[in-house]
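Participant: My structure file my_file22.txt, compact mmCIF, C-alpha atoms and all ligand atoms, is below:
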```txt
# COMPACT_ATOMS: atom_id res chain seq x y z
CA MET A 345 15.56 -2.55 -19.36
CA GLN A 346 12.79 -1.21 -21.57
CA ILE A 347 10.51 1.66 -20.57
CA HIS A 348 7.04 1.74 -22.14
CA THR A 349 5.07 4.95 -21.87
CA SER A 350 1.86 3.81 -23.53
CA ILE A 351 -0.53 0.87 -23.28
CA ALA A 352 0.02 0.10 -26.97
CA ALA A 353 3.81 -0.02 -26.53
CA PHE A 354 3.60 -2.41 -23.58
CA ARG A 355 1.00 -4.61 -25.34
CA SER A 356 3.31 -4.99 -28.32
CA VAL A 357 6.00 -6.70 -26.18
CA ARG A 358 3.77 -8.65 -23.76
CA PRO A 359 3.47 -11.79 -25.96
CA SER A 360 7.25 -12.27 -25.87
CA LEU A 361 7.59 -11.97 -22.07
CA GLY A 362 6.44 -15.41 -20.92
CA ARG A 363 5.70 -15.72 -17.21
CA VAL A 364 5.52 -12.26 -15.66
CA ALA A 365 5.72 -11.08 -12.04
CA PHE A 366 4.35 -7.56 -11.69
CA VAL A 367 4.97 -4.89 -9.07
CA PRO A 368 2.75 -1.81 -9.44
CA THR A 369 4.10 1.40 -7.87
CA MET A 370 3.55 5.13 -7.88
CA GLY A 371 7.31 5.69 -8.12
CA ASN A 372 9.48 7.61 -5.64
CA LEU A 373 10.92 4.20 -4.91
CA HIS A 374 12.58 3.15 -1.67
CA GLU A 375 14.10 -0.06 -0.34
CA GLY A 376 10.60 -1.46 0.40
CA HIS A 377 9.76 -1.38 -3.32
CA ILE A 378 13.15 -2.79 -4.29
CA THR A 379 12.67 -5.70 -1.86
CA LEU A 380 9.35 -6.47 -3.62
CA MET A 381 11.15 -6.44 -7.01
CA LYS A 382 13.75 -8.87 -5.68
CA GLN A 383 11.01 -11.07 -4.21
CA ALA A 384 9.33 -11.01 -7.63
CA THR A 385 12.39 -12.60 -9.25
CA GLU A 386 11.61 -15.81 -7.30
CA HIS A 387 8.30 -16.16 -9.13
CA ALA A 388 8.91 -15.42 -12.79
CA ASP A 389 11.62 -14.92 -15.39
CA THR A 390 10.38 -11.48 -16.36
CA ILE A 391 9.78 -8.71 -13.82
CA VAL A 392 7.56 -5.83 -14.84
CA ALA A 393 7.16 -2.75 -12.65
CA SER A 394 4.74 0.08 -13.26
CA VAL A 395 5.26 3.68 -12.26
CA PHE A 396 2.06 5.72 -12.37
CA VAL A 397 0.79 8.34 -9.94
CA ASN A 398 -2.91 7.55 -9.93
CA ARG A 399 -5.07 10.62 -9.61
CA LEU A 400 -8.17 8.52 -8.81
CA GLN A 401 -6.91 7.38 -5.42
CA PHE A 402 -6.12 10.86 -4.05
CA GLY A 403 -8.75 12.85 -2.15
CA PRO A 404 -9.29 16.56 -2.88
CA ASN A 405 -7.10 17.60 0.06
CA GLU A 406 -4.35 15.04 -0.54
CA ASP A 407 -0.96 15.41 -2.15
CA PHE A 408 -1.56 14.37 -5.81
CA ASP A 409 -0.02 17.54 -7.30
CA HIS A 410 2.97 17.44 -4.96
CA TYR A 411 3.53 13.69 -4.99
CA PRO A 412 7.22 13.27 -5.94
CA ARG A 413 7.69 12.23 -9.58
CA THR A 414 11.19 10.77 -9.87
CA LEU A 415 10.99 8.51 -12.94
CA GLU A 416 14.64 8.80 -13.93
CA SER A 417 16.08 7.75 -10.55
CA ASP A 418 13.28 5.17 -10.16
CA CYS A 419 14.32 3.55 -13.44
CA GLU A 420 17.97 3.40 -12.33
CA LYS A 421 16.89 1.59 -9.15
CA LEU A 422 14.59 -0.74 -11.07
CA GLU A 423 17.28 -1.68 -13.52
CA ARG A 424 19.70 -2.48 -10.68
CA ALA A 425 16.97 -4.64 -9.06
CA GLY A 426 16.64 -6.79 -12.19
CA VAL A 427 13.42 -5.36 -13.62
CA ALA A 428 13.21 -6.00 -17.36
CA HIS A 429 10.25 -3.78 -18.31
CA VAL A 430 8.84 -0.60 -16.81
CA PHE A 431 5.32 0.43 -17.70
CA ALA A 432 5.17 4.19 -17.05
CA PRO A 433 2.07 5.37 -18.90
CA ARG A 434 1.19 9.00 -19.37
CA GLU A 435 -1.93 10.23 -17.64
CA ALA A 436 -3.59 10.81 -21.04
CA ASP A 437 -2.94 7.20 -21.94
CA MET A 438 -4.38 5.70 -18.74
CA TYR A 439 -7.26 8.16 -18.57
CA PRO A 440 -7.89 9.38 -22.14
CA VAL A 441 -11.44 10.21 -21.05
CA ALA A 442 -12.75 10.77 -17.53
CA GLN A 443 -12.88 7.35 -15.85
CA THR A 444 -16.62 6.84 -15.38
CA TYR A 445 -16.47 3.05 -14.85
CA HIS A 446 -15.03 1.99 -11.50
CA VAL A 447 -14.32 -1.08 -9.41
CA ASP A 448 -16.39 -0.77 -6.24
CA PRO A 449 -14.91 -2.91 -3.45
CA ALA A 450 -17.21 -4.30 -0.74
CA ALA A 451 -18.49 -1.48 1.46
CA GLU A 452 -17.41 -3.21 4.67
CA HIS A 453 -13.85 -3.41 3.33
CA ILE A 454 -13.53 0.25 2.41
CA THR A 455 -15.57 2.23 4.92
CA THR A 456 -13.41 1.20 7.85
CA LEU A 457 -9.83 2.10 8.91
CA GLU A 458 -8.22 3.98 5.96
CA GLY A 459 -11.57 4.08 4.17
CA GLU A 460 -13.13 6.06 7.01
CA PHE A 461 -10.54 8.82 6.55
CA ARG A 462 -9.94 8.55 2.79
CA ALA A 463 -13.32 8.34 1.07
CA GLY A 464 -12.98 6.95 -2.45
CA HIS A 465 -9.35 5.92 -1.98
CA PHE A 466 -9.79 2.16 -2.41
CA ARG A 467 -12.21 2.59 -5.30
CA GLY A 468 -9.45 4.58 -7.02
CA VAL A 469 -6.82 1.97 -6.14
CA ALA A 470 -8.96 -0.98 -7.25
CA THR A 471 -9.90 0.74 -10.51
CA VAL A 472 -6.32 1.57 -11.51
CA VAL A 473 -4.99 -1.83 -10.44
CA MET A 474 -7.70 -3.59 -12.48
CA LYS A 475 -6.62 -1.49 -15.44
CA LEU A 476 -2.89 -2.12 -14.87
CA LEU A 477 -3.51 -5.87 -14.52
CA ASN A 478 -5.52 -5.83 -17.76
CA VAL A 479 -2.60 -4.20 -19.56
CA VAL A 480 0.29 -6.15 -18.01
CA GLN A 481 -1.51 -9.52 -17.76
CA PRO A 482 0.90 -10.86 -15.13
CA ASN A 483 0.92 -14.35 -13.68
CA VAL A 484 1.68 -12.99 -10.23
CA ALA A 485 1.43 -9.51 -8.73
CA LEU A 486 3.10 -8.36 -5.53
CA PHE A 487 1.83 -5.81 -3.01
CA GLY A 488 3.47 -4.82 0.28
CA LYS A 489 1.86 -5.57 3.64
CA LYS A 490 2.65 -1.99 4.66
CA ASP A 491 -0.65 -1.12 2.88
CA TYR A 492 -2.45 -4.01 4.56
CA GLN A 493 -5.98 -2.90 3.68
CA GLN A 494 -5.00 -2.31 0.04
CA LEU A 495 -3.56 -5.84 -0.11
CA MET A 496 -6.79 -7.28 1.36
CA VAL A 497 -9.02 -5.31 -1.05
CA LEU A 498 -6.96 -6.25 -4.13
CA SER A 499 -6.72 -9.93 -3.12
CA ASN A 500 -10.52 -10.00 -2.86
CA MET A 501 -10.93 -8.17 -6.16
CA VAL A 502 -8.78 -10.68 -8.04
CA ARG A 503 -10.50 -13.64 -6.35
CA GLN A 504 -14.06 -12.37 -6.85
CA PHE A 505 -13.49 -11.46 -10.51
CA ALA A 506 -11.78 -14.85 -11.13
CA MET A 507 -8.72 -13.12 -12.52
CA PRO A 508 -5.97 -15.65 -13.33
CA ILE A 509 -3.38 -13.86 -11.18
CA GLU A 510 -1.74 -14.90 -7.93
CA ILE A 511 -1.45 -12.05 -5.44
CA LEU A 512 1.63 -12.27 -3.23
CA PRO A 513 2.25 -10.19 -0.10
CA GLY A 514 5.63 -8.58 0.62
CA GLU A 515 6.83 -8.03 4.19
CA THR A 516 7.14 -4.43 5.39
CA VAL A 517 10.70 -3.14 5.24
CA ARG A 518 11.75 -1.05 8.24
CA ALA A 519 14.58 1.35 9.03
CA ALA A 520 16.91 0.22 11.83
CA ASP A 521 14.81 2.20 14.36
CA GLY A 522 11.59 0.42 13.29
CA LEU A 523 10.00 3.08 11.07
CA ALA A 524 8.26 1.41 8.12
CA LEU A 525 9.73 2.67 4.84
CA SER A 526 7.28 4.88 2.96
CA SER A 527 7.43 7.53 0.28
CA ARG A 528 5.77 9.86 2.78
CA ASN A 529 8.73 9.64 5.23
CA GLY A 530 10.43 12.14 2.93
CA TYR A 531 7.98 14.81 4.14
CA LEU A 532 9.16 14.51 7.77
CA SER A 533 11.38 17.18 9.32
CA ALA A 534 14.51 15.97 11.17
CA ASP A 535 12.70 16.19 14.54
CA GLU A 536 9.65 14.39 13.16
CA ARG A 537 11.85 11.68 11.64
CA ALA A 538 13.36 11.10 15.10
CA GLU A 539 9.87 10.82 16.60
CA ALA A 540 8.31 8.72 13.80
CA PRO A 541 9.40 5.23 15.09
CA GLN A 542 7.02 5.79 18.04
CA LEU A 543 4.17 4.64 15.79
CA TYR A 544 5.74 1.19 15.44
CA LYS A 545 6.60 1.25 19.17
CA ALA A 546 2.90 1.80 19.91
CA LEU A 547 2.05 -1.29 17.84
CA THR A 548 4.68 -3.53 19.43
CA ARG A 549 3.66 -2.35 22.92
CA LEU A 550 0.01 -3.10 22.20
CA ARG A 551 0.95 -6.56 20.86
CA ASP A 552 2.96 -7.32 24.01
CA GLN A 553 0.11 -6.14 26.25
CA LEU A 554 -2.37 -8.23 24.29
CA HIS A 555 -0.20 -11.33 24.62
CA ALA A 556 0.14 -10.66 28.36
CA GLY A 557 -3.71 -10.89 28.44
CA ALA A 558 -6.20 -9.67 31.04
CA ARG A 559 -7.02 -6.24 29.62
CA PRO A 560 -9.87 -5.47 27.18
CA LEU A 561 -8.86 -4.73 23.59
CA ALA A 562 -10.68 -1.40 23.45
CA GLU A 563 -8.79 -0.20 26.53
CA LEU A 564 -5.41 -1.14 24.98
CA GLU A 565 -6.31 0.61 21.72
CA ARG A 566 -7.41 3.76 23.59
CA GLU A 567 -4.28 3.77 25.70
CA ALA A 568 -2.02 3.39 22.63
CA MET A 569 -3.70 6.41 21.02
CA ASP A 570 -3.39 8.43 24.25
CA VAL A 571 0.35 7.69 24.42
CA LEU A 572 0.77 9.07 20.90
CA ARG A 573 -1.44 12.12 21.62
CA ALA A 574 0.73 12.92 24.64
CA ARG A 575 3.69 13.04 22.22
CA ASN A 576 1.84 15.49 19.91
CA TRP A 577 0.62 12.96 17.37
CA GLU A 578 -2.94 13.07 16.02
CA PRO A 579 -3.96 9.41 15.72
CA ASP A 580 -6.85 8.51 13.40
CA TYR A 581 -7.03 4.92 14.62
CA ILE A 582 -5.15 2.13 16.32
CA SER A 583 -7.25 -0.94 15.92
CA VAL A 584 -6.91 -4.71 16.29
CA ARG A 585 -8.67 -6.55 13.47
CA ARG A 586 -8.99 -9.97 11.87
CA ARG A 587 -6.29 -10.37 9.23
CA GLU A 588 -8.69 -11.96 6.78
CA ASP A 589 -11.18 -9.13 6.26
CA LEU A 590 -10.09 -6.41 8.71
CA GLN A 591 -13.33 -6.67 10.66
CA PRO A 592 -13.31 -6.65 14.49
CA PRO A 593 -12.19 -10.00 15.95
CA ALA A 594 -15.05 -12.44 16.53
CA SER A 595 -13.30 -15.48 17.98
CA PRO A 596 -10.16 -15.99 20.09
CA ASP A 597 -8.77 -18.13 17.23
CA ASP A 598 -8.86 -15.33 14.64
CA PRO A 599 -5.40 -14.43 13.33
CA LEU A 600 -5.05 -10.74 14.13
CA VAL A 601 -3.31 -7.62 12.91
CA VAL A 602 -3.10 -4.25 14.62
CA LEU A 603 -3.31 -1.29 12.25
CA ALA A 604 -2.58 2.36 12.91
CA ALA A 605 -2.74 5.73 11.19
CA ALA A 606 -1.61 8.96 12.79
CA LYS A 607 -0.51 12.42 11.80
CA LEU A 608 2.87 13.73 12.87
CA GLY A 609 2.97 17.41 12.00
CA ARG A 610 1.54 17.57 8.47
CA THR A 611 2.51 14.00 7.54
CA ARG A 612 0.09 11.12 7.93
CA LEU A 613 1.81 7.79 8.57
CA ILE A 614 0.30 4.30 8.55
CA ASP A 615 1.71 1.05 9.87
CA ASN A 616 0.56 -2.37 11.03
CA LEU A 617 1.79 -5.48 12.77
CA GLU A 618 0.50 -9.03 12.57
CA ILE A 619 0.06 -10.25 16.15
O1 LIG A 701 0.57 1.08 -3.37
C1 LIG A 701 0.68 1.87 -4.32
O2 LIG A 701 1.74 2.40 -4.61
C2 LIG A 701 -0.55 2.22 -5.14
O3 LIG A 701 -1.69 2.27 -4.35
C3 LIG A 701 -0.77 1.29 -6.34
C4 LIG A 701 -1.03 -0.14 -5.89
C5 LIG A 701 0.47 1.32 -7.24
C6 LIG A 701 -1.97 1.75 -7.16
O4 LIG A 701 -1.81 3.05 -7.65
```
As structure tokens, please, write out the structure in this file.
Ligand code: PAF
Facilitator:
Amino acid sequence: MQIHTSIAAFRSVRPSLGRVAFVPTMGNLHEGHITLMKQATEHADTIVASVFVNRLQFGPNEDFDHYPRTLESDCEKLERAGVAHVFAPREADMYPVAQTYHVDPAAEHITTLEGEFRAGHFRGVATVVMKLLNVVQPNVALFGKKDYQQLMVLSNMVRQFAMPIEILPGETVRAADGLALSSRNGYLSADERAEAPQLYKALTRLRDQLHAGARPLAELEREAMDVLRARNWEPDYISVRRREDLQPPASPDDPLVVLAAAKLGRTRLIDNLEI
């Protein structure tokens, strides 16, 4: 496996790589990432992963400085997963000057759900992913459904800019007790880790209630948040949306997803479930 720490170094090998499947990450890899790498092997001969903690997508009060940087162990995992090339650029290489040009996703896609609580987050994600895609020039790129809104924003970006890249979703990987794997789970204390699967439980309960029918959506969403509050969570939202654009459902035929974000102690967890 080769590790490239500059855009120039990666560009020098790209012509020899043929069809490429690309998995962008911020490192601190867990089984969810590794599953995406393995999924990628079904779509191309060469798997490229990137490891870059992107300053642009962190808000002023978020954990950019403390975000775990674990490149050495990440590379060991990537190699075992069959990744051939890692693009791990230095900050000065990705942002040699302040990034003053940005990708601005549609307002209705980024002012709701995560966007309501993380102003500027998706602009930062879309900008770095545009840049990573320009460098790596993959044929396919894979993003996990765990970050459902990110996947929707990036799929739209690639479609609307006519980029010749297929975006593929990866299923969320869960621990045996249902907790979605996430780099942020590492911040949970032992007690919080035991409580954390309640977020997924809230989603499955809401799905079951919805399928049972008869009660208004808003009431189910409110009740799900109240259940978490009673267990000392601070929910930001639990909301049923259309899968396609994450707007409120408009017709009974809309395929739906329920999305949630809630703080447990100092750790903010997100999850979702297609229903
Ligand atoms: O999902 C992530 O890890 C990041 O948002 C991404 C897509 C690598 C962009 O920095």
Participant: Padding of 6 Å on every side, edges along x, y and z, all listed atoms of ligand LIG 701 (chain A) included: what centre and edge lengths in Å, to one decimal, does that box have, as lines of an AutoDock Vina configuration file?
Facilitator:
```
center_x = -0.1
center_y = 1.5
center_z = -5.5
size_x = 15.7
size_y = 15.2
size_z = 16.3
```
Participant: Give me the residues of chain A that have any atom at most 9 Å from an atom of ligand LIG 701 (chain A); for each, the nearest atom pair and the distance in Å, rounded to one decimal. Use all atoms listed in the file, sort by chain and number, and format it as a Markdown table.
Facilitator:
```
| residue | atom | partner | partner_atom | distance |
| --- | --- | --- | --- | --- |
| A:Val367 | CA | A:LIG701 | C5 | 7.9 |
| A:Pro368 | CA | A:LIG701 | C5 | 4.5 |
| A:Thr369 | CA | A:LIG701 | C5 | 3.7 |
| A:Met370 | CA | A:LIG701 | O2 | 4.6 |
| A:Gly371 | CA | A:LIG701 | O2 | 7.4 |
| A:His377 | CA | A:LIG701 | O2 | 9.0 |
| A:Ser394 | CA | A:LIG701 | C5 | 7.5 |
| A:Val395 | CA | A:LIG701 | C5 | 7.3 |
| A:Phe396 | CA | A:LIG701 | O4 | 6.7 |
| A:Val397 | CA | A:LIG701 | O4 | 6.3 |
| A:Asn398 | CA | A:LIG701 | O4 | 5.2 |
| A:Arg399 | CA | A:LIG701 | O4 | 8.5 |
| A:Leu400 | CA | A:LIG701 | O4 | 8.5 |
| A:Gln401 | CA | A:LIG701 | O4 | 7.1 |
| A:His465 | CA | A:LIG701 | O3 | 8.8 |
| A:Phe466 | CA | A:LIG701 | O3 | 8.3 |
| A:Gly468 | CA | A:LIG701 | O4 | 7.8 |
| A:Val469 | CA | A:LIG701 | C6 | 5.0 |
| A:Ala470 | CA | A:LIG701 | C6 | 7.5 |
| A:Thr471 | CA | A:LIG701 | C6 | 8.7 |
| A:Val472 | CA | A:LIG701 | O4 | 6.1 |
| A:Val473 | CA | A:LIG701 | C6 | 5.7 |
| A:Leu476 | CA | A:LIG701 | C6 | 8.7 |
| A:Phe487 | CA | A:LIG701 | C4 | 7.0 |
| A:Gly488 | CA | A:LIG701 | O1 | 7.5 |
| A:Lys490 | CA | A:LIG701 | O1 | 8.8 |
| A:Asp491 | CA | A:LIG701 | O1 | 6.7 |
| A:Gln494 | CA | A:LIG701 | O3 | 7.2 |
| A:Leu495 | CA | A:LIG701 | C4 | 8.5 |
| A:Leu498 | CA | A:LIG701 | C4 | 8.7 |
```
Participant: With 6 Å as the threshold, what does the neighbourhood of (-2.1, -7.0, 8.4) contain in terms of residues, counting all atoms listed in the file? Coordinates are those of the file; answer as a list of chain:residue names.
Facilitator: A:Tyr492, A:Arg587, A:Val601, A:Asn616, A:Glu618
Participant: Save out the residues we just selected, C-alpha atoms, as a tab-separated table (two decimals), in the frame of the given file.
Facilitator:
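Listing of selection_12.tsv after writing:
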```tsv
chain	number	residue	atom	x	y	z
A	492	TYR	CA	-2.45	-4.01	4.56
A	587	ARG	CA	-6.29	-10.37	9.23
A	601	VAL	CA	-3.31	-7.62	12.91
A	616	ASN	CA	0.56	-2.37	11.03
A	618	GLU	CA	0.50	-9.03	12.57
```
Participant: Can you tell me, as a ChimeraX atom specification, what residues are no more than 10 Å from A:Val427 when counting all atoms listed in the file, ignoring any on the same chain fewer than 5 positions away?
Facilitator: /A:345-346,365-367,378,381-382,384-385,389-393,419-422
Participant: Residues proximal to (-2.4, -8.2, 17.7) were defined as those with any atom within 8 Å of that point in the file's coordinates, counting only C-alpha atoms. Which are they, as JSON, numbers by chain?
Facilitator: {"A": [550, 551, 554, 555, 584, 585, 600, 601, 602, 617, 618, 619]}
Participant: Report the distance between atom CA of A:Val479 and atom CA of A:Pro440 in Å, rounded to one decimal place.
Facilitator: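 Between atom CA of A:Val479 and atom CA of A:Pro440 the gap works out to 14.8 Å.
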Participant: For atom CA of A:Arg559 and atom CA of A:Leu608, quote the distance in Å rounded to one decimal.
Facilitator: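 Separating atom CA of A:Arg559 from atom CA of A:Leu608 is a distance of 27.9 Å.
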Participant: Would you work out the distance separating atom CA of A:Ala606 from atom CA of A:Glu452, expressed in Å to one decimal?
Facilitator: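 For atom CA of A:Ala606 relative to atom CA of A:Glu452, the distance reads 21.5 Å.
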Participant: Counting all atoms listed in the file, what is within 10 Å of stretch 567-571 of chain A, bar same-chain residues fewer than 4 positions away, as a list in words?
Facilitator: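 Non-adjacent residues within range: Gln542, Leu543, Lys545, Ala546, Leu547, Arg549, Leu550, Leu561, Ala562, Glu563, Arg575, Asn576, Trp577, Glu578, Pro579, Asp580, Tyr581, Ile582, Ser583, Ala604, Ala605 and Ala606 of chain A.
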Participant: When distances are computed from only C-alpha atoms, which of A:Asn483, A:Ser595, A:Thr379, A:Thr548 shows the smallest separation from A:Val502?
Facilitator: A:Asn483
Participant: Counting all atoms listed in the file, which residue out of A:Met438, A:Val447, A:Ala485, A:Val364 sits closest to A:Ser499?
Facilitator: A:Ala485
Participant: Give me the residues within 8 Å of stretch 527-540 of chain A as a CSV table (one decimal) with C-alpha atoms, in the coordinates of the input, counting all atoms listed in the file and dropping any in the same chain fewer than 4 places off.
Facilitator:
```
chain,number,residue,atom,x,y,z
A,372,ASN,CA,9.5,7.6,-5.6
A,373,LEU,CA,10.9,4.2,-4.9
A,374,HIS,CA,12.6,3.2,-1.7
A,523,LEU,CA,10.0,3.1,11.1
A,608,LEU,CA,2.9,13.7,12.9
A,609,GLY,CA,3.0,17.4,12.0
A,611,THR,CA,2.5,14.0,7.5
A,612,ARG,CA,0.1,11.1,7.9
A,613,LEU,CA,1.8,7.8,8.6
```
